[in-house]
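One structure below.
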Amino acid sequence: MPKLRIATRKSPLALWQTEHVATRLREVHPGLEVELVPMSTRGDQVLDRSLAAIGGKGLFLKELEVAMQRGEADCAVHSLKDVPMELEPGFALPAILARADHADAFVSNRYGDIDALPQGARVGTSSLRRQAQLRARRPDLELLDLRGNVNTRLAKLDAGDYDAIVLACAGLRRLGFDSRIRARLDAPEWLPAPAQGAIAIECRDRDDAIAALCKALDDAPTRTCVEAERAMNRALHGSCHVPVAGFARLAGSGLHLEGLVGSATDGSHVRATADGPAADPEALGREVARQLLESGAGAFL
């Protein structure tokens, strides 16, 4: 059996996710040799500015895609929430793994949840989506930029730079930091980023043999939900420049999607929900986007 080379970012979380994929691939394809190809991306290197200011989450993918084009790697592993709504031409996502915890985590050494924070407390997050929802709930808070990997962000909190920070539950749990989660920020009151908690494998769209190997890890229920969320985001032309949140869940043969578009400046926002057949997540995503735009989402976009 051939050797599979997986490109990955070098952050502890990215390496955990890629090791997880490698382990799963070895389990379903006994005898498959899997090698990690760790790389540094521009998104990892530039930490003094927000992602929106330096070009968006796609900066976490570019170098990994170049490595695949050059033949230095066969596939790449990503947090799906970092993958742009439109893939670069020539690439595909043959596998989306079963989603982990989709929720955001409120992390603080002194306070139990957002409502327990004192007036004017300092909260760290660079996500415009999180800022919009924080401002809507607590306009008095001082929201401060927070970049870097999970370990770096926790260290900044522990150093006293912030009273609280907001991170993804999935990342904390994967790195063994479950105990740092003081409160889960969950739907419907609080919506995650589209596809948050899901890991995706990307490969060149003509690499049928590689795609077939990876496809064994694809989780159909997760793919259905995240396709609805990403379709909504695509229809809104959402990116990390825009505070867009969305969460879909299956109920029998049906699919329920909730979406939010807001302002990171003043917390004003619009929400929409809709139900549709699980067989057509794209249509449901477009419908929620249409409702959001009708409700005035264009002002935030």
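FYI, nothing fancy with the structure tokens labels: chains A, B, ... in order, residues from 1 per chain, ligands from 1 as they appear.
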Closest pair table for stretch 260-288 of chain A residues within 9 Å of stretch 123-141 of chain A, only C-alpha atoms, as JSON lines:
{"residue": "A:Leu260", "atom": "CA", "partner": "A:Arg129", "partner_atom": "CA", "distance": 8.9}
{"residue": "A:Val261", "atom": "CA", "partner": "A:Arg129", "partner_atom": "CA", "distance": 8.0}
{"residue": "A:Gly262", "atom": "CA", "partner": "A:Ala132", "partner_atom": "CA", "distance": 5.6}
{"residue": "A:Ser263", "atom": "CA", "partner": "A:Ala132", "partner_atom": "CA", "distance": 5.2}
{"residue": "A:Ala264", "atom": "CA", "partner": "A:Ala132", "partner_atom": "CA", "distance": 4.0}
{"residue": "A:Thr265", "atom": "CA", "partner": "A:Ala132", "partner_atom": "CA", "distance": 7.0}
{"residue": "A:Asp266", "atom": "CA", "partner": "A:Arg135", "partner_atom": "CA", "distance": 6.1}
{"residue": "A:Gly267", "atom": "CA", "partner": "A:Ala136", "partner_atom": "CA", "distance": 4.1}
{"residue": "A:Ser268", "atom": "CA", "partner": "A:Ala136", "partner_atom": "CA", "distance": 6.2}
{"residue": "A:His269", "atom": "CA", "partner": "A:Ala132", "partner_atom": "CA", "distance": 7.7}
Write out the residues from the selection above, keeping N, CA, C and O atoms, as a compact mmCIF listing (two decimals), in the first residue's frame.
# COMPACT_ATOMS: atom_id res chain seq x y z
N LEU A 260 -27.22 33.85 12.00
CA LEU A 260 -27.12 35.17 12.61
C LEU A 260 -26.07 35.98 11.86
O LEU A 260 -25.01 35.46 11.49
N VAL A 261 -26.40 37.24 11.61
CA VAL A 261 -25.41 38.19 11.09
C VAL A 261 -25.48 39.40 12.00
O VAL A 261 -26.57 39.87 12.33
N GLY A 262 -24.32 39.89 12.45
CA GLY A 262 -24.34 40.98 13.41
C GLY A 262 -23.24 42.00 13.19
O GLY A 262 -22.47 41.92 12.24
N SER A 263 -23.20 42.95 14.12
CA SER A 263 -22.18 44.00 14.09
C SER A 263 -21.25 43.81 15.29
O SER A 263 -21.71 43.74 16.43
N ALA A 264 -19.95 43.74 15.00
CA ALA A 264 -18.97 43.63 16.08
C ALA A 264 -18.77 44.98 16.77
O ALA A 264 -18.14 45.07 17.82
N THR A 265 -19.33 46.03 16.16
CA THR A 265 -19.16 47.38 16.71
C THR A 265 -20.18 47.68 17.80
O THR A 265 -19.84 48.15 18.88
N ASP A 266 -21.46 47.38 17.52
CA ASP A 266 -22.49 47.74 18.50
C ASP A 266 -23.39 46.58 18.92
O ASP A 266 -24.29 46.76 19.75
N GLY A 267 -23.17 45.38 18.37
CA GLY A 267 -23.94 44.22 18.80
C GLY A 267 -25.31 44.08 18.16
O GLY A 267 -26.01 43.10 18.40
N SER A 268 -25.71 45.04 17.33
CA SER A 268 -27.00 44.88 16.64
C SER A 268 -26.89 43.69 15.68
O SER A 268 -25.82 43.42 15.14
N HIS A 269 -27.97 42.96 15.49
CA HIS A 269 -27.90 41.74 14.69
C HIS A 269 -29.27 41.32 14.19
O HIS A 269 -30.29 41.81 14.68
A:Arg204 environment, 9 Å, only C-alpha atoms, sequence neighbours closer than 2 positions dropped, as an MDAnalysis selection string: chainID A and resid 65 68:69 74:75 90:93 202 206:208 210:211
Pick from A:Gly112, A:Gly259, A:Pro118, A:Gly148: nearest to A:Pro188, with only C-alpha atoms counted?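 For A:Pro188, the nearest of the given residues is A:Gly259.
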Quick one: residues within 9 Å of A:Gly276, only C-alpha atoms counted, chain neighbours fewer than 3 positions away excluded, as a PyMOL selection string? chain A and resi 253-257+279-281+283-284
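Residue nearest A:Asp101 within the list A:Ala22, A:Glu294, A:Gly171, A:Trp190: A:Gly171 [criterion: smallest interatomic distance, only C-alpha atoms].
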Distance atom CA of A:Leu301-atom CA of A:Arg153, one decimal place?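 These atoms are spaced 28.3 Å apart.
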What's the 10 Å shell around A:Ala170, counting only C-alpha atoms, without same-chain residues fewer than 3 positions away, as a list in words?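 Returned residues: Leu13, Arg99, Ala100, Asp101, His102, Ala103, Asp104, Ala105, Leu167, Arg173, Arg174, Leu175, Gly176, Phe177, Asp178, Gln196, Gly197 and Ala198 of chain A.
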Create the file for the chosen residues now, containing N, CA, C and O atoms and written as a compact mmCIF listing (two decimals), in the first residue's frame.
# COMPACT_ATOMS: atom_id res chain seq x y z
N LEU A 13 -2.86 22.23 18.19
CA LEU A 13 -4.20 21.75 17.82
C LEU A 13 -4.20 21.15 16.42
O LEU A 13 -4.78 20.08 16.19
N ARG A 99 -18.43 15.46 13.65
CA ARG A 99 -18.20 16.73 14.34
C ARG A 99 -18.02 16.52 15.84
O ARG A 99 -18.72 15.71 16.47
N ALA A 100 -17.08 17.24 16.42
CA ALA A 100 -16.91 17.26 17.87
C ALA A 100 -17.85 18.34 18.43
O ALA A 100 -18.76 18.78 17.74
N ASP A 101 -17.63 18.77 19.65
CA ASP A 101 -18.47 19.80 20.26
C ASP A 101 -18.45 21.06 19.39
O ASP A 101 -17.40 21.61 19.09
N HIS A 102 -19.63 21.52 18.99
CA HIS A 102 -19.73 22.68 18.09
C HIS A 102 -19.69 24.01 18.85
O HIS A 102 -19.49 25.06 18.25
N ALA A 103 -19.89 23.98 20.16
CA ALA A 103 -20.13 25.21 20.92
C ALA A 103 -18.85 26.00 21.18
O ALA A 103 -17.74 25.49 21.07
N ASP A 104 -19.03 27.28 21.54
CA ASP A 104 -17.94 28.10 22.05
C ASP A 104 -17.81 27.87 23.55
O ASP A 104 -18.75 27.42 24.22
N ALA A 105 -16.64 28.22 24.08
CA ALA A 105 -16.38 28.05 25.50
C ALA A 105 -16.06 29.40 26.14
O ALA A 105 -15.24 30.16 25.62
N LEU A 167 -13.15 30.74 23.43
CA LEU A 167 -12.48 29.82 22.50
C LEU A 167 -13.50 28.76 22.06
O LEU A 167 -14.61 28.72 22.58
N ARG A 173 -11.07 20.72 24.24
CA ARG A 173 -11.24 19.30 24.58
C ARG A 173 -10.17 18.44 23.90
O ARG A 173 -9.63 17.52 24.50
N ARG A 174 -9.87 18.76 22.61
CA ARG A 174 -8.88 17.95 21.89
C ARG A 174 -7.51 18.03 22.53
O ARG A 174 -6.74 17.08 22.48
N LEU A 175 -7.20 19.18 23.14
CA LEU A 175 -5.88 19.36 23.74
C LEU A 175 -5.86 19.03 25.24
O LEU A 175 -4.88 19.26 25.91
N GLY A 176 -6.98 18.49 25.74
CA GLY A 176 -7.03 18.07 27.13
C GLY A 176 -7.31 19.19 28.12
O GLY A 176 -7.02 19.06 29.30
N PHE A 177 -7.89 20.29 27.63
CA PHE A 177 -8.18 21.44 28.50
C PHE A 177 -9.67 21.52 28.87
O PHE A 177 -10.19 22.61 29.11
N ASP A 178 -10.35 20.37 28.94
CA ASP A 178 -11.78 20.36 29.29
C ASP A 178 -12.05 21.17 30.56
O ASP A 178 -13.07 21.87 30.65
N GLN A 196 -18.04 24.82 12.77
CA GLN A 196 -17.16 24.74 13.95
C GLN A 196 -17.22 23.34 14.56
O GLN A 196 -18.28 22.75 14.69
N GLY A 197 -16.04 22.81 14.91
CA GLY A 197 -15.96 21.49 15.53
C GLY A 197 -15.72 20.35 14.55
O GLY A 197 -15.51 19.21 14.95
N ALA A 198 -15.77 20.66 13.23
CA ALA A 198 -15.58 19.61 12.21
C ALA A 198 -14.19 19.70 11.61
O ALA A 198 -13.67 20.79 11.35
Quote the spacing between atom CA of A:Lys10 and atom CA of A:Gly31 in Å to one decimal place.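 Separation of atom CA of A:Lys10 and atom CA of A:Gly31: 25.8 Å.
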Give me the residues of stretch 17-124 of chain A that have any atom at most 9 Å from an atom of stretch 215-239 of chain A; for each, the nearest atom pair and the distance in Å, rounded to one decimal. Use only C-alpha atoms, sort by chain and number, and format it as a tab-separated table.
residue	atom	partner	partner_atom	distance
A:Val21	CA	A:Leu217	CA	8.3
A:Arg24	CA	A:Leu217	CA	7.4
A:Leu25	CA	A:Leu217	CA	7.4
A:Val28	CA	A:Ala216	CA	7.2
A:His29	CA	A:Ala216	CA	8.9
A:Ala52	CA	A:Ser239	CA	8.3
A:Gly56	CA	A:Ser239	CA	7.1
A:Lys57	CA	A:Ser239	CA	7.9
A:Leu80	CA	A:Val226	CA	8.8
A:Lys81	CA	A:Arg230	CA	8.9
A:Pro84	CA	A:Ser239	CA	7.3
A:Met85	CA	A:Arg234	CA	5.6
A:Glu86	CA	A:Arg234	CA	7.7
A:Leu93	CA	A:Lys215	CA	8.9
A:Pro94	CA	A:Lys215	CA	5.3
A:Ala95	CA	A:Asp218	CA	4.3
A:Ile96	CA	A:Asp218	CA	4.9
A:Leu97	CA	A:Asp218	CA	5.2
A:Ala98	CA	A:Asp219	CA	5.1
A:Arg99	CA	A:Thr222	CA	5.9
Which residues in stretch 71-166 of chain A does DSSP call alpha helix (DSSP H)? List them as a list in words. Leu128, Arg129, Arg130, Gln131, Ala132, Gln133, Leu134, Arg135, Ala136, Arg137, Val150, Asn151, Thr152, Arg153, Leu154, Ala155, Lys156, Leu157 and Asp158 of chain A
Write out, as a PDB file, in the first residue's frame, the residues just selected, with N, CA, C and O atoms.
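Generated output (part.pdb):
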ATOM      1  N   LEU A 128     -14.853  38.281  14.943  1.00  0.00           N
ATOM      2  CA  LEU A 128     -15.915  39.281  14.826  1.00  0.00           C
ATOM      3  C   LEU A 128     -17.269  38.669  15.204  1.00  0.00           C
ATOM      4  O   LEU A 128     -18.127  39.344  15.774  1.00  0.00           O
ATOM      5  N   ARG A 129     -17.464  37.390  14.890  1.00  0.00           N
ATOM      6  CA  ARG A 129     -18.710  36.698  15.258  1.00  0.00           C
ATOM      7  C   ARG A 129     -18.889  36.662  16.776  1.00  0.00           C
ATOM      8  O   ARG A 129     -19.974  36.946  17.296  1.00  0.00           O
ATOM      9  N   ARG A 130     -17.825  36.318  17.486  1.00  0.00           N
ATOM     10  CA  ARG A 130     -17.913  36.283  18.948  1.00  0.00           C
ATOM     11  C   ARG A 130     -18.089  37.690  19.514  1.00  0.00           C
ATOM     12  O   ARG A 130     -18.850  37.898  20.464  1.00  0.00           O
ATOM     13  N   GLN A 131     -17.383  38.657  18.924  1.00  0.00           N
ATOM     14  CA  GLN A 131     -17.509  40.039  19.402  1.00  0.00           C
ATOM     15  C   GLN A 131     -18.946  40.535  19.245  1.00  0.00           C
ATOM     16  O   GLN A 131     -19.495  41.176  20.150  1.00  0.00           O
ATOM     17  N   ALA A 132     -19.571  40.230  18.101  1.00  0.00           N
ATOM     18  CA  ALA A 132     -20.943  40.689  17.851  1.00  0.00           C
ATOM     19  C   ALA A 132     -21.897  40.120  18.897  1.00  0.00           C
ATOM     20  O   ALA A 132     -22.766  40.838  19.420  1.00  0.00           O
ATOM     21  N   GLN A 133     -21.725  38.840  19.229  1.00  0.00           N
ATOM     22  CA  GLN A 133     -22.640  38.218  20.196  1.00  0.00           C
ATOM     23  C   GLN A 133     -22.349  38.680  21.624  1.00  0.00           C
ATOM     24  O   GLN A 133     -23.270  38.829  22.433  1.00  0.00           O
ATOM     25  N   LEU A 134     -21.082  38.930  21.919  1.00  0.00           N
ATOM     26  CA  LEU A 134     -20.743  39.483  23.236  1.00  0.00           C
ATOM     27  C   LEU A 134     -21.323  40.884  23.400  1.00  0.00           C
ATOM     28  O   LEU A 134     -21.897  41.216  24.441  1.00  0.00           O
ATOM     29  N   ARG A 135     -21.183  41.722  22.363  1.00  0.00           N
ATOM     30  CA  ARG A 135     -21.698  43.099  22.442  1.00  0.00           C
ATOM     31  C   ARG A 135     -23.214  43.109  22.578  1.00  0.00           C
ATOM     32  O   ARG A 135     -23.783  43.952  23.267  1.00  0.00           O
ATOM     33  N   ALA A 136     -23.885  42.161  21.896  1.00  0.00           N
ATOM     34  CA  ALA A 136     -25.344  42.099  21.979  1.00  0.00           C
ATOM     35  C   ALA A 136     -25.783  41.763  23.411  1.00  0.00           C
ATOM     36  O   ALA A 136     -26.796  42.270  23.893  1.00  0.00           O
ATOM     37  N   ARG A 137     -24.992  40.933  24.077  1.00  0.00           N
ATOM     38  CA  ARG A 137     -25.363  40.463  25.417  1.00  0.00           C
ATOM     39  C   ARG A 137     -24.859  41.396  26.510  1.00  0.00           C
ATOM     40  O   ARG A 137     -25.540  41.623  27.499  1.00  0.00           O
ATOM     41  N   VAL A 150      -4.104  27.888  20.891  1.00  0.00           N
ATOM     42  CA  VAL A 150      -4.883  27.713  22.127  1.00  0.00           C
ATOM     43  C   VAL A 150      -4.002  27.893  23.366  1.00  0.00           C
ATOM     44  O   VAL A 150      -4.368  28.602  24.311  1.00  0.00           O
ATOM     45  N   ASN A 151      -2.825  27.268  23.365  1.00  0.00           N
ATOM     46  CA  ASN A 151      -1.936  27.358  24.532  1.00  0.00           C
ATOM     47  C   ASN A 151      -1.523  28.798  24.802  1.00  0.00           C
ATOM     48  O   ASN A 151      -1.482  29.244  25.960  1.00  0.00           O
ATOM     49  N   THR A 152      -1.210  29.537  23.721  1.00  0.00           N
ATOM     50  CA  THR A 152      -0.808  30.935  23.847  1.00  0.00           C
ATOM     51  C   THR A 152      -1.938  31.768  24.435  1.00  0.00           C
ATOM     52  O   THR A 152      -1.741  32.621  25.306  1.00  0.00           O
ATOM     53  N   ARG A 153      -3.156  31.543  23.959  1.00  0.00           N
ATOM     54  CA  ARG A 153      -4.312  32.320  24.433  1.00  0.00           C
ATOM     55  C   ARG A 153      -4.585  32.052  25.913  1.00  0.00           C
ATOM     56  O   ARG A 153      -4.867  32.978  26.673  1.00  0.00           O
ATOM     57  N   LEU A 154      -4.481  30.784  26.312  1.00  0.00           N
ATOM     58  CA  LEU A 154      -4.691  30.454  27.727  1.00  0.00           C
ATOM     59  C   LEU A 154      -3.601  31.098  28.592  1.00  0.00           C
ATOM     60  O   LEU A 154      -3.877  31.588  29.690  1.00  0.00           O
ATOM     61  N   ALA A 155      -2.369  31.110  28.080  1.00  0.00           N
ATOM     62  CA  ALA A 155      -1.263  31.712  28.833  1.00  0.00           C
ATOM     63  C   ALA A 155      -1.500  33.206  29.040  1.00  0.00           C
ATOM     64  O   ALA A 155      -1.203  33.761  30.106  1.00  0.00           O
ATOM     65  N   LYS A 156      -2.053  33.883  28.019  1.00  0.00           N
ATOM     66  CA  LYS A 156      -2.342  35.319  28.139  1.00  0.00           C
ATOM     67  C   LYS A 156      -3.437  35.567  29.177  1.00  0.00           C
ATOM     68  O   LYS A 156      -3.385  36.549  29.927  1.00  0.00           O
ATOM     69  N   LEU A 157      -4.431  34.685  29.209  1.00  0.00           N
ATOM     70  CA  LEU A 157      -5.476  34.795  30.239  1.00  0.00           C
ATOM     71  C   LEU A 157      -4.858  34.604  31.626  1.00  0.00           C
ATOM     72  O   LEU A 157      -5.119  35.382  32.552  1.00  0.00           O
ATOM     73  N   ASP A 158      -4.021  33.577  31.765  1.00  0.00           N
ATOM     74  CA  ASP A 158      -3.407  33.269  33.060  1.00  0.00           C
ATOM     75  C   ASP A 158      -2.459  34.370  33.522  1.00  0.00           C
ATOM     76  O   ASP A 158      -2.230  34.543  34.723  1.00  0.00           O
TER      77      ASP A 158
END
All strand (DSSP E or B) positions in stretch 20-179 of chain A, as number ranges by chain: A: 33-39, 75-79, 91-96, 104-107, 122-124, 142-144, 164-168
Dump N, CA, C and O atoms for the selected residues as a tab-separated table (two decimals), in the first residue's frame?
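The file below, part29.tsv, is the result:
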chain	number	residue	atom	x	y	z
A	33	GLU	N	0.88	3.41	5.30
A	33	GLU	CA	1.90	4.23	5.99
A	33	GLU	C	1.49	5.70	5.85
A	33	GLU	O	1.22	6.17	4.74
A	34	VAL	N	1.40	6.40	6.97
A	34	VAL	CA	0.98	7.80	6.96
A	34	VAL	C	2.09	8.66	7.55
A	34	VAL	O	2.61	8.36	8.62
A	35	GLU	N	2.45	9.71	6.83
A	35	GLU	CA	3.51	10.61	7.28
A	35	GLU	C	2.97	12.03	7.37
A	35	GLU	O	2.26	12.51	6.48
A	36	LEU	N	3.28	12.74	8.47
A	36	LEU	CA	2.86	14.14	8.62
A	36	LEU	C	3.91	15.06	8.01
A	36	LEU	O	5.11	14.82	8.15
A	37	VAL	N	3.42	16.10	7.31
A	37	VAL	CA	4.31	17.11	6.72
A	37	VAL	C	3.95	18.45	7.37
A	37	VAL	O	3.12	19.20	6.85
A	38	PRO	N	4.54	18.78	8.55
A	38	PRO	CA	4.18	20.02	9.25
A	38	PRO	C	4.71	21.25	8.53
A	38	PRO	O	5.86	21.26	8.05
A	39	MET	N	3.89	22.29	8.42
A	39	MET	CA	4.27	23.51	7.72
A	39	MET	C	3.79	24.73	8.51
A	39	MET	O	2.82	24.65	9.25
A	75	CYS	N	-2.42	15.18	0.76
A	75	CYS	CA	-3.67	15.76	1.26
A	75	CYS	C	-3.32	16.67	2.43
A	75	CYS	O	-2.15	16.76	2.83
A	76	ALA	N	-4.33	17.37	2.95
A	76	ALA	CA	-4.11	18.28	4.08
A	76	ALA	C	-5.29	18.17	5.02
A	76	ALA	O	-6.42	17.85	4.60
A	77	VAL	N	-5.05	18.44	6.30
A	77	VAL	CA	-6.11	18.40	7.31
A	77	VAL	C	-6.35	19.82	7.82
A	77	VAL	O	-5.41	20.55	8.11
A	78	HIS	N	-7.63	20.21	7.89
A	78	HIS	CA	-8.00	21.55	8.33
A	78	HIS	C	-9.14	21.50	9.35
A	78	HIS	O	-9.95	20.57	9.33
A	79	SER	N	-9.23	22.54	10.19
A	79	SER	CA	-10.49	22.83	10.87
A	79	SER	C	-11.40	23.37	9.78
A	79	SER	O	-11.06	24.36	9.11
A	91	PHE	N	-9.14	21.67	-6.12
A	91	PHE	CA	-9.13	21.01	-4.81
A	91	PHE	C	-10.52	20.53	-4.44
A	91	PHE	O	-11.53	21.06	-4.92
A	92	ALA	N	-10.58	19.51	-3.57
A	92	ALA	CA	-11.85	18.95	-3.11
A	92	ALA	C	-11.73	18.53	-1.65
A	92	ALA	O	-10.62	18.43	-1.11
A	93	LEU	N	-12.88	18.32	-1.00
A	93	LEU	CA	-12.93	17.85	0.39
A	93	LEU	C	-13.55	16.45	0.40
A	93	LEU	O	-14.77	16.32	0.54
A	94	PRO	N	-12.75	15.41	0.24
A	94	PRO	CA	-13.32	14.05	0.17
A	94	PRO	C	-13.86	13.55	1.50
A	94	PRO	O	-14.69	12.64	1.53
A	95	ALA	N	-13.40	14.14	2.61
A	95	ALA	CA	-13.87	13.65	3.92
A	95	ALA	C	-14.08	14.80	4.89
A	95	ALA	O	-13.26	15.70	5.01
A	96	ILE	N	-15.23	14.74	5.56
A	96	ILE	CA	-15.50	15.60	6.72
A	96	ILE	C	-15.80	14.64	7.87
A	96	ILE	O	-16.75	13.85	7.80
A	104	ASP	N	-19.03	27.28	21.54
A	104	ASP	CA	-17.94	28.10	22.05
A	104	ASP	C	-17.81	27.87	23.55
A	104	ASP	O	-18.75	27.42	24.22
A	105	ALA	N	-16.64	28.22	24.08
A	105	ALA	CA	-16.38	28.05	25.50
A	105	ALA	C	-16.06	29.40	26.14
A	105	ALA	O	-15.24	30.16	25.62
A	106	PHE	N	-16.71	29.67	27.26
A	106	PHE	CA	-16.35	30.83	28.08
A	106	PHE	C	-15.28	30.35	29.06
A	106	PHE	O	-15.48	29.39	29.80
A	107	VAL	N	-14.11	31.00	29.01
A	107	VAL	CA	-12.98	30.57	29.82
A	107	VAL	C	-12.54	31.73	30.71
A	107	VAL	O	-12.25	32.83	30.21
A	122	ARG	N	-12.57	42.90	30.80
A	122	ARG	CA	-11.81	42.73	29.57
A	122	ARG	C	-11.94	41.30	29.06
A	122	ARG	O	-11.56	40.35	29.76
A	123	VAL	N	-12.48	41.16	27.85
A	123	VAL	CA	-12.68	39.83	27.27
A	123	VAL	C	-11.89	39.74	25.97
A	123	VAL	O	-11.96	40.62	25.12
A	124	GLY	N	-11.13	38.67	25.82
A	124	GLY	CA	-10.28	38.49	24.65
A	124	GLY	C	-10.90	37.59	23.60
A	124	GLY	O	-11.28	36.46	23.88
A	142	GLU	N	-15.23	45.38	27.65
A	142	GLU	CA	-14.13	45.84	26.81
A	142	GLU	C	-13.59	44.63	26.05
A	142	GLU	O	-13.04	43.71	26.64
A	143	LEU	N	-13.78	44.62	24.73
A	143	LEU	CA	-13.37	43.49	23.91
A	143	LEU	C	-11.99	43.75	23.31
A	143	LEU	O	-11.78	44.77	22.67
A	144	LEU	N	-11.08	42.84	23.56
A	144	LEU	CA	-9.68	43.01	23.15
A	144	LEU	C	-9.26	41.90	22.21
A	144	LEU	O	-9.71	40.75	22.33
A	164	ALA	N	-11.56	37.26	30.92
A	164	ALA	CA	-12.12	36.05	30.32
A	164	ALA	C	-11.74	36.03	28.84
A	164	ALA	O	-11.40	37.07	28.26
A	165	ILE	N	-11.77	34.83	28.24
A	165	ILE	CA	-11.58	34.71	26.80
A	165	ILE	C	-12.62	33.73	26.28
A	165	ILE	O	-13.20	32.94	27.03
A	166	VAL	N	-12.88	33.80	24.98
A	166	VAL	CA	-13.82	32.87	24.36
A	166	VAL	C	-13.07	32.06	23.31
A	166	VAL	O	-12.42	32.63	22.42
A	167	LEU	N	-13.15	30.74	23.43
A	167	LEU	CA	-12.48	29.82	22.50
A	167	LEU	C	-13.50	28.76	22.06
A	167	LEU	O	-14.61	28.72	22.58
A	168	ALA	N	-13.11	27.89	21.13
A	168	ALA	CA	-13.97	26.78	20.73
A	168	ALA	C	-13.82	25.63	21.71
A	168	ALA	O	-12.70	25.27	22.08
